[in-house]
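S.K.: Hey, dropping data36.txt in here, compact mmCIF, C-alpha atoms:
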# COMPACT_ATOMS: atom_id res chain seq x y z
CA MET A 1 -5.05 28.50 -26.63
CA ARG A 2 -7.45 28.64 -29.51
CA LEU A 3 -5.79 31.11 -31.80
CA GLU A 4 -8.70 31.42 -34.21
CA TYR A 5 -11.05 32.34 -31.34
CA PHE A 6 -8.55 34.68 -29.68
CA ASP A 7 -8.61 32.51 -26.55
CA LEU A 8 -4.98 33.12 -25.71
CA ILE A 9 -4.87 32.77 -21.95
CA ASP A 10 -5.43 29.21 -20.74
CA ARG A 11 -4.94 29.72 -17.04
CA ILE A 12 -4.38 32.48 -14.52
CA LEU A 13 -1.56 31.28 -12.29
CA GLU A 14 -1.58 34.20 -9.90
CA ILE A 15 -3.23 37.57 -9.63
CA ASP A 16 -1.94 39.93 -6.96
CA ILE A 17 -4.41 42.79 -6.73
CA GLU A 18 -2.48 44.57 -3.98
CA ASN A 19 0.76 44.65 -5.96
CA ARG A 20 -1.01 45.09 -9.32
CA LYS A 21 0.54 42.01 -10.91
CA ILE A 22 -0.65 38.94 -12.82
CA CYS A 23 0.96 35.72 -14.04
CA ALA A 24 -0.81 33.58 -16.59
CA GLU A 25 -0.14 30.72 -18.95
CA GLY A 26 -1.02 29.91 -22.51
CA ILE A 27 -0.07 26.83 -24.48
CA VAL A 28 0.36 27.39 -28.19
CA PRO A 29 -1.65 24.67 -29.95
CA THR A 30 0.13 22.11 -32.03
CA GLU A 31 -2.40 22.62 -34.81
CA SER A 32 -4.41 25.65 -35.88
CA PRO A 33 -5.78 27.06 -39.14
CA VAL A 34 -3.62 30.10 -38.37
CA PHE A 35 -0.52 28.06 -39.09
CA GLY A 36 -1.77 27.33 -42.58
CA GLY A 37 -0.86 30.84 -43.56
CA HIS A 38 1.69 31.73 -40.90
CA PHE A 39 3.71 30.20 -42.38
CA PRO A 40 3.26 27.36 -44.89
CA GLY A 41 5.78 24.71 -43.92
CA PHE A 42 7.13 26.85 -41.07
CA PRO A 43 4.40 27.33 -38.42
CA LEU A 44 4.93 30.22 -36.02
CA MET A 45 2.67 31.98 -33.58
CA PRO A 46 2.04 35.39 -35.20
CA GLY A 47 3.71 38.32 -33.48
CA VAL A 48 0.42 40.22 -33.34
CA MET A 49 -1.04 37.31 -31.37
CA LEU A 50 1.85 37.48 -28.93
CA LEU A 51 0.96 41.15 -28.44
CA GLU A 52 -2.66 40.13 -27.98
CA THR A 53 -1.62 37.46 -25.47
CA MET A 54 0.16 40.11 -23.39
CA ALA A 55 -2.83 42.43 -23.75
CA GLN A 56 -5.22 39.72 -22.56
CA ALA A 57 -3.14 38.96 -19.47
CA ALA A 58 -2.85 42.66 -18.65
CA GLY A 59 -6.54 43.05 -19.39
CA TRP A 60 -7.48 40.36 -16.87
CA LEU A 61 -5.42 42.20 -14.29
CA VAL A 62 -7.32 45.41 -15.03
CA ILE A 63 -10.63 43.57 -14.83
CA GLY A 64 -9.60 42.17 -11.46
CA ILE A 65 -8.57 45.56 -10.12
CA THR A 66 -11.77 47.20 -11.33
CA GLU A 67 -13.79 44.26 -10.01
CA PHE A 68 -15.55 43.52 -13.28
CA THR A 69 -16.94 47.05 -13.54
CA ARG A 70 -14.83 48.09 -16.51
CA MET A 71 -13.90 46.44 -19.79
CA PRO A 72 -10.34 47.23 -20.94
CA PHE A 73 -10.06 47.96 -24.66
CA LEU A 74 -6.65 48.02 -26.28
CA ALA A 75 -5.64 51.61 -27.07
CA ALA A 76 -1.88 51.65 -27.59
CA VAL A 77 1.10 49.33 -27.74
CA LYS A 78 4.54 50.85 -27.30
CA GLU A 79 8.09 49.59 -27.34
CA ALA A 80 7.01 46.15 -28.48
CA LYS A 81 9.87 43.74 -28.93
CA LEU A 82 9.41 40.28 -30.41
CA ARG A 83 12.63 38.61 -29.49
CA SER A 84 12.36 35.08 -30.81
CA PHE A 85 10.14 32.68 -32.74
CA VAL A 86 7.33 30.91 -30.93
CA THR A 87 6.49 27.50 -32.33
CA PRO A 88 3.46 25.19 -31.91
CA GLY A 89 3.24 23.33 -28.61
CA THR A 90 5.16 25.90 -26.58
CA THR A 91 4.03 26.93 -23.10
CA LEU A 92 4.07 30.69 -22.65
CA ASN A 93 4.35 32.33 -19.25
CA VAL A 94 2.79 35.77 -19.37
CA GLU A 95 3.32 38.45 -16.74
CA ALA A 96 1.85 41.93 -16.55
CA VAL A 97 1.98 44.78 -14.08
CA ILE A 98 0.14 48.06 -13.79
CA VAL A 99 2.32 51.11 -14.42
CA HIS A 100 -0.42 53.69 -13.95
CA GLU A 101 -4.10 53.69 -13.12
CA GLY A 102 -5.65 56.75 -14.69
CA SER A 103 -9.24 57.85 -14.82
CA GLY A 104 -10.72 55.83 -17.66
CA PHE A 105 -7.40 54.39 -18.74
CA ALA A 106 -4.60 52.16 -17.49
CA VAL A 107 -0.99 51.77 -18.55
CA THR A 108 0.63 48.37 -18.14
CA THR A 109 3.79 46.54 -19.05
CA ALA A 110 3.77 42.90 -20.03
CA ARG A 111 6.19 40.20 -21.00
CA VAL A 112 6.18 36.62 -22.19
CA ARG A 113 8.75 34.06 -21.18
CA ILE A 114 9.39 30.52 -22.33
CA GLU A 115 10.84 28.93 -19.22
CA SER A 116 13.28 31.67 -18.18
CA LYS A 117 13.86 33.12 -21.63
CA LEU A 118 12.26 36.47 -22.42
CA VAL A 119 10.36 36.15 -25.69
CA CYS A 120 8.57 39.47 -26.00
CA ASN A 121 7.61 42.55 -24.00
CA CYS A 122 5.83 45.86 -24.43
CA GLU A 123 3.89 48.67 -22.80
CA ILE A 124 0.13 48.50 -23.28
CA THR A 125 -2.44 51.24 -22.69
CA PHE A 126 -6.11 50.42 -22.28
CA ARG A 127 -9.21 52.55 -22.32
CA LEU A 128 -11.48 51.43 -19.50
CA VAL A 129 -15.19 51.73 -20.10
CA PRO A 130 -18.23 50.29 -18.36
CA PHE A 131 -19.21 47.00 -19.97
CA PRO A 132 -21.18 48.02 -23.07
CA ASN A 133 -23.81 45.33 -22.47
CA PRO A 134 -24.65 42.57 -19.98
CA GLN A 135 -23.83 39.86 -22.53
CA LEU A 136 -20.19 40.85 -22.74
CA ARG A 137 -19.84 41.02 -18.96
CA ALA A 138 -21.49 37.61 -18.62
CA ALA A 139 -19.18 36.16 -21.27
CA MET A 140 -16.14 37.60 -19.50
CA LEU A 141 -17.28 36.15 -16.18
CA GLN A 142 -17.75 32.78 -17.86
CA ARG A 143 -14.32 32.98 -19.43
CA ALA A 144 -12.84 34.04 -16.08
CA VAL A 145 -14.11 30.83 -14.51
CA ALA A 146 -12.75 28.78 -17.40
CA ILE A 147 -9.24 30.16 -16.96
CA ALA A 148 -9.24 29.83 -13.17
CA PHE A 149 -9.50 33.52 -12.47
CA PRO A 150 -9.55 33.65 -8.66
CA MET A 151 -12.97 35.18 -8.14
CA GLU A 152 -12.40 35.33 -4.39
CA THR A 153 -9.88 38.12 -4.98
CA VAL A 154 -12.62 40.26 -6.39
CA ALA A 155 -15.41 41.36 -4.09
CA ASP A 156 -18.99 41.55 -5.25
CA VAL A 157 -18.81 40.33 -8.84
CA MET B 1 -0.05 78.60 -12.83
CA SER B 2 2.73 79.69 -15.19
CA SER B 3 4.96 76.86 -14.09
CA THR B 4 2.11 74.38 -14.46
CA PHE B 5 1.41 75.80 -17.91
CA ASP B 6 5.06 75.48 -18.93
CA THR B 7 5.13 71.88 -17.75
CA VAL B 8 1.92 71.05 -19.61
CA VAL B 9 3.28 72.70 -22.76
CA ASN B 10 6.42 70.57 -22.47
CA ILE B 11 4.29 67.44 -22.14
CA ILE B 12 2.15 68.38 -25.16
CA THR B 13 5.12 69.18 -27.37
CA GLU B 14 6.85 65.94 -26.44
CA THR B 15 3.71 63.83 -26.86
CA CYS B 16 2.07 65.34 -29.91
CA ASP B 17 4.79 67.06 -31.86
CA ILE B 18 2.87 70.35 -31.76
CA PRO B 19 5.08 73.46 -32.14
CA ARG B 20 5.52 75.23 -28.82
CA GLU B 21 4.61 78.62 -30.30
CA LYS B 22 1.19 77.31 -31.27
CA ILE B 23 0.27 76.46 -27.68
CA LYS B 24 -1.29 79.38 -25.76
CA PRO B 25 -3.06 79.51 -22.39
CA GLU B 26 -6.33 80.11 -24.21
CA SER B 27 -5.80 77.17 -26.61
CA HIS B 28 -8.38 74.42 -26.49
CA ALA B 29 -6.60 71.09 -26.46
CA ILE B 30 -9.07 69.46 -28.84
CA ASP B 31 -10.56 72.27 -30.92
CA ASP B 32 -7.44 74.44 -31.36
CA LEU B 33 -4.55 72.00 -31.02
CA GLY B 34 -6.30 69.01 -32.61
CA ILE B 35 -5.22 66.60 -29.90
CA ASP B 36 -7.20 63.40 -30.33
CA SER B 37 -8.44 61.17 -27.54
CA LEU B 38 -5.58 58.68 -27.85
CA ASP B 39 -2.91 61.37 -27.67
CA PHE B 40 -4.80 62.89 -24.77
CA LEU B 41 -4.41 59.58 -22.91
CA ASP B 42 -0.65 59.93 -23.27
CA ILE B 43 -0.86 63.53 -22.08
CA ALA B 44 -3.05 62.55 -19.13
CA PHE B 45 -0.61 59.78 -18.21
CA ALA B 46 2.30 62.23 -18.28
CA ILE B 47 0.39 64.89 -16.31
CA ASP B 48 -0.72 62.36 -13.68
CA LYS B 49 2.82 61.07 -13.35
CA THR B 50 4.52 64.48 -13.34
CA PHE B 51 2.18 66.10 -10.81
CA GLY B 52 1.42 62.98 -8.75
CA ILE B 53 -2.32 63.30 -9.30
CA LYS B 54 -5.13 61.44 -11.00
CA MET B 55 -7.09 63.74 -13.27
CA PRO B 56 -10.75 62.70 -13.03
CA LEU B 57 -11.25 62.41 -16.78
CA GLU B 58 -14.24 60.10 -16.48
CA GLN B 59 -16.02 62.59 -14.24
CA TRP B 60 -15.16 65.53 -16.50
CA THR B 61 -16.35 63.67 -19.57
CA GLN B 62 -19.59 62.73 -17.83
CA GLU B 63 -20.19 66.34 -16.81
CA VAL B 64 -19.65 67.49 -20.39
CA ASN B 65 -21.91 64.75 -21.77
CA ASP B 66 -24.60 65.65 -19.24
CA GLY B 67 -24.41 69.32 -20.21
CA LYS B 68 -23.24 70.30 -16.71
CA ALA B 69 -19.91 71.63 -17.95
CA SER B 70 -18.40 72.84 -21.20
CA THR B 71 -15.32 71.30 -22.74
CA GLU B 72 -13.61 74.70 -22.29
CA GLN B 73 -13.82 74.31 -18.53
CA TYR B 74 -11.54 71.31 -18.64
CA PHE B 75 -9.72 71.29 -21.95
CA GLN B 76 -8.82 74.95 -22.47
CA LEU B 77 -5.25 74.93 -21.25
CA ASN B 78 -5.46 77.75 -18.68
CA ASN B 79 -8.50 76.00 -17.17
CA LEU B 80 -6.82 72.61 -17.36
CA CYS B 81 -3.81 74.04 -15.52
CA SER B 82 -6.10 75.48 -12.85
CA ARG B 83 -7.69 72.04 -12.40
CA ILE B 84 -4.23 70.50 -12.11
CA ASP B 85 -3.23 73.08 -9.48
CA GLU B 86 -6.42 72.36 -7.55
CA LEU B 87 -5.74 68.63 -7.61
CA VAL B 88 -2.15 69.15 -6.48
CA THR B 89 -3.31 71.42 -3.64
CA ALA B 90 -6.00 68.94 -2.61
CA LYS B 91 -3.47 66.16 -2.54
CA GLN B 92 -1.10 68.17 -0.35
CA ALA B 93 -3.85 69.19 2.10
In structure tokens, how does this file's structure come out?
M.R.:
Amino acid sequence: MRLEYFDLIDRILEIDIENRKICAEGIVPTESPVFGGHFPGFPLMPGVMLLETMAQAAGWLVIGITEFTRMPFLAAVKEAKLRSFVTPGTTLNVEAVIVHEGSGFAVTTARVRIESKLVCNCEITFRLVPFPNPQLRAAMLQRAVAIAFPMETVADV
Amino acid sequence: MSSTFDTVVNIITETCDIPREKIKPESHAIDDLGIDSLDFLDIAFAIDKTFGIKMPLEQWTQEVNDGKASTEQYFQLNNLCSRIDELVTAKQA
């Protein structure tokens, strides 16, 4: 993870397009400018970044399902629960599933575990829009390769 | 139609906290009821789930943007309910 760049997913472990499910991993860095303020002398991964981590995993699932034709933008977060502190150096296992695929939107649920312990979970709604420009799509494809997104699961990208 | 309308009214009241008496068949979801696009996503989710359909919102929006349809055709509640009934019928066929 690079918190300050919002690179929160390090690796896609599994993406199951048929069953609308993704598992991913992110390792909280041991050092980050974010920890300078959150909090001085007591570094914790910010809760909003845990929400963003779940959104990114769910977002990659949506991108996979829509075969890189739509960019998911965060629209709503519901029933978010941040259950325990997340400290530097921790490995986060992130899972997300699709609850509903609407026309131009998707509803997902996501959770983060540390080993078997549930750390946080929520429901996330995305607006799905065509990529606003080729640069963003190219950057997402580049990032997909970097995090081991299994491109073979997606036809014709 | 009336049962579809009643169900849609229930969804709107639960989602948007709009008083039931304010919602009429001729009400326009956006112009009259003031439902914004984010709340409409919640409503669309609930309608899709309740009726087992997928409202083609992207297509409707495109038609409106292209000037091929008016917003009333899709977002006035009696018309919206007719579209829902058509989608349910098409799914059952």
S.K.: Please provide as number ranges by chain all residues within 7 Å of region 74-84 of chain B, with the sequence filter that same-chain residues fewer than 4 positions apart are discarded (counting all atoms listed in the file).
M.R.: B: 1, 4-5, 25-29, 88
S.K.: With C-alpha atoms retained, write the just-selected residues as a PDB file, in the frame of the given file.
M.R.:
ATOM      1  CA  MET B   1      -0.050  78.600 -12.830  1.00  0.00           C
ATOM      2  CA  THR B   4       2.110  74.380 -14.460  1.00  0.00           C
ATOM      3  CA  PHE B   5       1.410  75.800 -17.910  1.00  0.00           C
ATOM      4  CA  PRO B  25      -3.060  79.510 -22.390  1.00  0.00           C
ATOM      5  CA  GLU B  26      -6.330  80.110 -24.210  1.00  0.00           C
ATOM      6  CA  SER B  27      -5.800  77.170 -26.610  1.00  0.00           C
ATOM      7  CA  HIS B  28      -8.380  74.420 -26.490  1.00  0.00           C
ATOM      8  CA  ALA B  29      -6.600  71.090 -26.460  1.00  0.00           C
ATOM      9  CA  VAL B  88      -2.150  69.150  -6.480  1.00  0.00           C
TER      10      VAL B  88
END
S.K.: Could you please determine the separation between CA of Glu101 (chain A) and CA of Leu13 (chain A) in Å, to one decimal place?
M.R.: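 CA of Glu101 (chain A) sits 22.6 Å away from CA of Leu13 (chain A).
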S.K.: One decimal, in Å: what's the spacing between CA of Gly64 (chain A) and CA of Val99 (chain A)?
M.R.: 15.2 Å
S.K.: Extract, using all atoms listed in the file, all DNA, RNA and protein residues at most 7 Å from region 129-142 of chain A, discarding same-chain residues fewer than 5 positions from it, and format them as a PDB file with C-alpha atoms, in the frame of the given file.
M.R.:
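Once everything was written out, this is part_8.pdb:
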ATOM      1  CA  THR A  69     -16.940  47.050 -13.540  1.00  0.00           C
ATOM      2  CA  ARG A  70     -14.830  48.090 -16.510  1.00  0.00           C
ATOM      3  CA  MET A  71     -13.900  46.440 -19.790  1.00  0.00           C
ATOM      4  CA  PRO A  72     -10.340  47.230 -20.940  1.00  0.00           C
ATOM      5  CA  GLY A 104     -10.720  55.830 -17.660  1.00  0.00           C
TER       6      GLY A 104
END
S.K.: At what distance in Å, to one decimal, does CA of Lys49 (chain B) lie from CA of Lys22 (chain B)?
M.R.: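 According to the coordinates, CA of Lys22 (chain B) and CA of Lys49 (chain B) are separated by 24.2 Å.
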S.K.: Using all atoms listed in the file, determine which residues lie at most 10 Å from Pro56 (chain B), disregarding the query and same-chain residues fewer than 5 positions distant; provide the list as a PyMOL selection string.
M.R.: (chain A and resi 102-104) or (chain B and resi 44+61+83+87)
S.K.: Quick one: axis-aligned box around all listed atoms of region 13-28 of chain A, 6 Å on every side, centre and edge lengths in Å to one decimal, written as lines of an AutoDock Vina configuration file.
M.R.:
center_x = -1.7
center_y = 36.0
center_z = -16.1
size_x = 17.4
size_y = 30.3
size_z = 36.2
S.K.: For chain B versus chain A, which residues have an atom no more than 12 Å away, and what is each residue's nearest atom pair and distance in Å rounded to one decimal, using all atoms listed in the file, chain-then-number order, as CSV?
M.R.:
residue,atom,partner,partner_atom,distance
B:Ser37,CA,A:Ala75,CA,10.0
B:Leu38,CA,A:Ala75,CA,7.1
B:Asp39,CA,A:Ala76,CA,9.8
B:Phe40,CA,A:Phe105,CA,10.7
B:Leu41,CA,A:Phe105,CA,7.3
B:Asp42,CA,A:Thr125,CA,8.9
B:Ile43,CA,A:Gly102,CA,11.1
B:Ala44,CA,A:Gly102,CA,7.8
B:Phe45,CA,A:Gly102,CA,6.9
B:Ala46,CA,A:His100,CA,10.0
B:Ile47,CA,A:Gly102,CA,10.3
B:Asp48,CA,A:Gly102,CA,7.5
B:Lys49,CA,A:His100,CA,8.1
B:Thr50,CA,A:His100,CA,11.9
B:Gly52,CA,A:His100,CA,10.8
B:Ile53,CA,A:Gly102,CA,9.1
B:Lys54,CA,A:Gly102,CA,6.0
B:Met55,CA,A:Ser103,CA,6.5
B:Pro56,CA,A:Ser103,CA,5.4
B:Leu57,CA,A:Ser103,CA,5.4
B:Glu58,CA,A:Gly104,CA,5.7
B:Gln59,CA,A:Ser103,CA,8.3
B:Trp60,CA,A:Ser103,CA,9.8
B:Thr61,CA,A:Gly104,CA,9.8
B:Gln62,CA,A:Gly104,CA,11.2
S.K.: Name the closest residue to Ala144 (chain A) among the candidates A:Asp10, A:Arg113, A:Thr87, A:Ile98; distances are taken between atoms, counting only C-alpha atoms.
M.R.: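 Answer, going by the shortest atom-to-atom distance: A:Asp10.
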S.K.: Can you pull out every residue within 6 Å of region 19-21 of chain A, counting all atoms listed in the file, but drop anything in the same chain fewer than 3 positions away, and send it as JSON, numbers by chain?
M.R.: {"A": [15, 16, 96, 97, 98]}
S.K.: Go ahead and save the picked residues with C-alpha atoms, as an mmCIF file, in the frame of the given file.
M.R.:
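Result went into out.cif, see below:
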data_model
loop_
_atom_site.group_PDB
_atom_site.id
_atom_site.type_symbol
_atom_site.label_atom_id
_atom_site.label_comp_id
_atom_site.auth_asym_id
_atom_site.auth_seq_id
_atom_site.Cartn_x
_atom_site.Cartn_y
_atom_site.Cartn_z
ATOM 1 C CA ILE A 15 -3.230 37.570 -9.630
ATOM 2 C CA ASP A 16 -1.940 39.930 -6.960
ATOM 3 C CA ALA A 96 1.850 41.930 -16.550
ATOM 4 C CA VAL A 97 1.980 44.780 -14.080
ATOM 5 C CA ILE A 98 0.140 48.060 -13.790
#
S.K.: Please output region 21-38 of chain B, rebuilt to include N, CA and C atoms, as a PDB file, in the frame of the given file.
M.R.:
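As a result, result_11.pdb now contains:
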ATOM      1  N   GLU B  21       5.174  77.285 -30.101  1.00  0.00           N
ATOM      2  CA  GLU B  21       4.610  78.620 -30.300  1.00  0.00           C
ATOM      3  C   GLU B  21       3.113  78.591 -30.608  1.00  0.00           C
ATOM      4  N   LYS B  22       2.610  77.419 -30.964  1.00  0.00           N
ATOM      5  CA  LYS B  22       1.190  77.310 -31.270  1.00  0.00           C
ATOM      6  C   LYS B  22       0.341  77.131 -30.002  1.00  0.00           C
ATOM      7  N   ILE B  23       1.001  76.806 -28.906  1.00  0.00           N
ATOM      8  CA  ILE B  23       0.270  76.460 -27.680  1.00  0.00           C
ATOM      9  C   ILE B  23       0.174  77.684 -26.777  1.00  0.00           C
ATOM     10  N   LYS B  24      -1.041  78.183 -26.589  1.00  0.00           N
ATOM     11  CA  LYS B  24      -1.290  79.380 -25.760  1.00  0.00           C
ATOM     12  C   LYS B  24      -2.169  78.985 -24.580  1.00  0.00           C
ATOM     13  N   PRO B  25      -2.176  79.817 -23.532  1.00  0.00           N
ATOM     14  CA  PRO B  25      -3.060  79.510 -22.390  1.00  0.00           C
ATOM     15  C   PRO B  25      -4.515  79.379 -22.807  1.00  0.00           C
ATOM     16  N   GLU B  26      -4.921  80.156 -23.811  1.00  0.00           N
ATOM     17  CA  GLU B  26      -6.330  80.110 -24.210  1.00  0.00           C
ATOM     18  C   GLU B  26      -6.613  79.006 -25.247  1.00  0.00           C
ATOM     19  N   SER B  27      -5.593  78.244 -25.618  1.00  0.00           N
ATOM     20  CA  SER B  27      -5.800  77.170 -26.610  1.00  0.00           C
ATOM     21  C   SER B  27      -6.669  76.062 -26.024  1.00  0.00           C
ATOM     22  N   HIS B  28      -7.562  75.585 -26.850  1.00  0.00           N
ATOM     23  CA  HIS B  28      -8.380  74.420 -26.490  1.00  0.00           C
ATOM     24  C   HIS B  28      -7.654  73.185 -27.004  1.00  0.00           C
ATOM     25  N   ALA B  29      -7.422  72.247 -26.094  1.00  0.00           N
ATOM     26  CA  ALA B  29      -6.600  71.090 -26.460  1.00  0.00           C
ATOM     27  C   ALA B  29      -7.154  70.349 -27.681  1.00  0.00           C
ATOM     28  N   ILE B  30      -8.467  70.247 -27.751  1.00  0.00           N
ATOM     29  CA  ILE B  30      -9.070  69.460 -28.840  1.00  0.00           C
ATOM     30  C   ILE B  30      -9.354  70.358 -30.045  1.00  0.00           C
ATOM     31  N   ASP B  31     -10.080  71.446 -29.803  1.00  0.00           N
ATOM     32  CA  ASP B  31     -10.560  72.270 -30.920  1.00  0.00           C
ATOM     33  C   ASP B  31      -9.424  73.067 -31.586  1.00  0.00           C
ATOM     34  N   ASP B  32      -8.506  73.590 -30.792  1.00  0.00           N
ATOM     35  CA  ASP B  32      -7.440  74.440 -31.360  1.00  0.00           C
ATOM     36  C   ASP B  32      -6.177  73.645 -31.694  1.00  0.00           C
ATOM     37  N   LEU B  33      -5.811  72.722 -30.815  1.00  0.00           N
ATOM     38  CA  LEU B  33      -4.550  72.000 -31.020  1.00  0.00           C
ATOM     39  C   LEU B  33      -4.756  70.676 -31.741  1.00  0.00           C
ATOM     40  N   GLY B  34      -6.007  70.242 -31.853  1.00  0.00           N
ATOM     41  CA  GLY B  34      -6.300  69.010 -32.610  1.00  0.00           C
ATOM     42  C   GLY B  34      -5.802  67.751 -31.931  1.00  0.00           C
ATOM     43  N   ILE B  35      -5.683  67.794 -30.617  1.00  0.00           N
ATOM     44  CA  ILE B  35      -5.220  66.600 -29.900  1.00  0.00           C
ATOM     45  C   ILE B  35      -6.372  65.600 -29.853  1.00  0.00           C
ATOM     46  N   ASP B  36      -6.116  64.388 -30.339  1.00  0.00           N
ATOM     47  CA  ASP B  36      -7.200  63.400 -30.330  1.00  0.00           C
ATOM     48  C   ASP B  36      -7.210  62.642 -29.002  1.00  0.00           C
ATOM     49  N   SER B  37      -8.225  61.795 -28.854  1.00  0.00           N
ATOM     50  CA  SER B  37      -8.440  61.170 -27.540  1.00  0.00           C
ATOM     51  C   SER B  37      -7.289  60.230 -27.172  1.00  0.00           C
ATOM     52  N   LEU B  38      -6.683  59.598 -28.166  1.00  0.00           N
ATOM     53  CA  LEU B  38      -5.580  58.680 -27.850  1.00  0.00           C
ATOM     54  C   LEU B  38      -4.351  59.463 -27.401  1.00  0.00           C
TER      55      LEU B  38
END
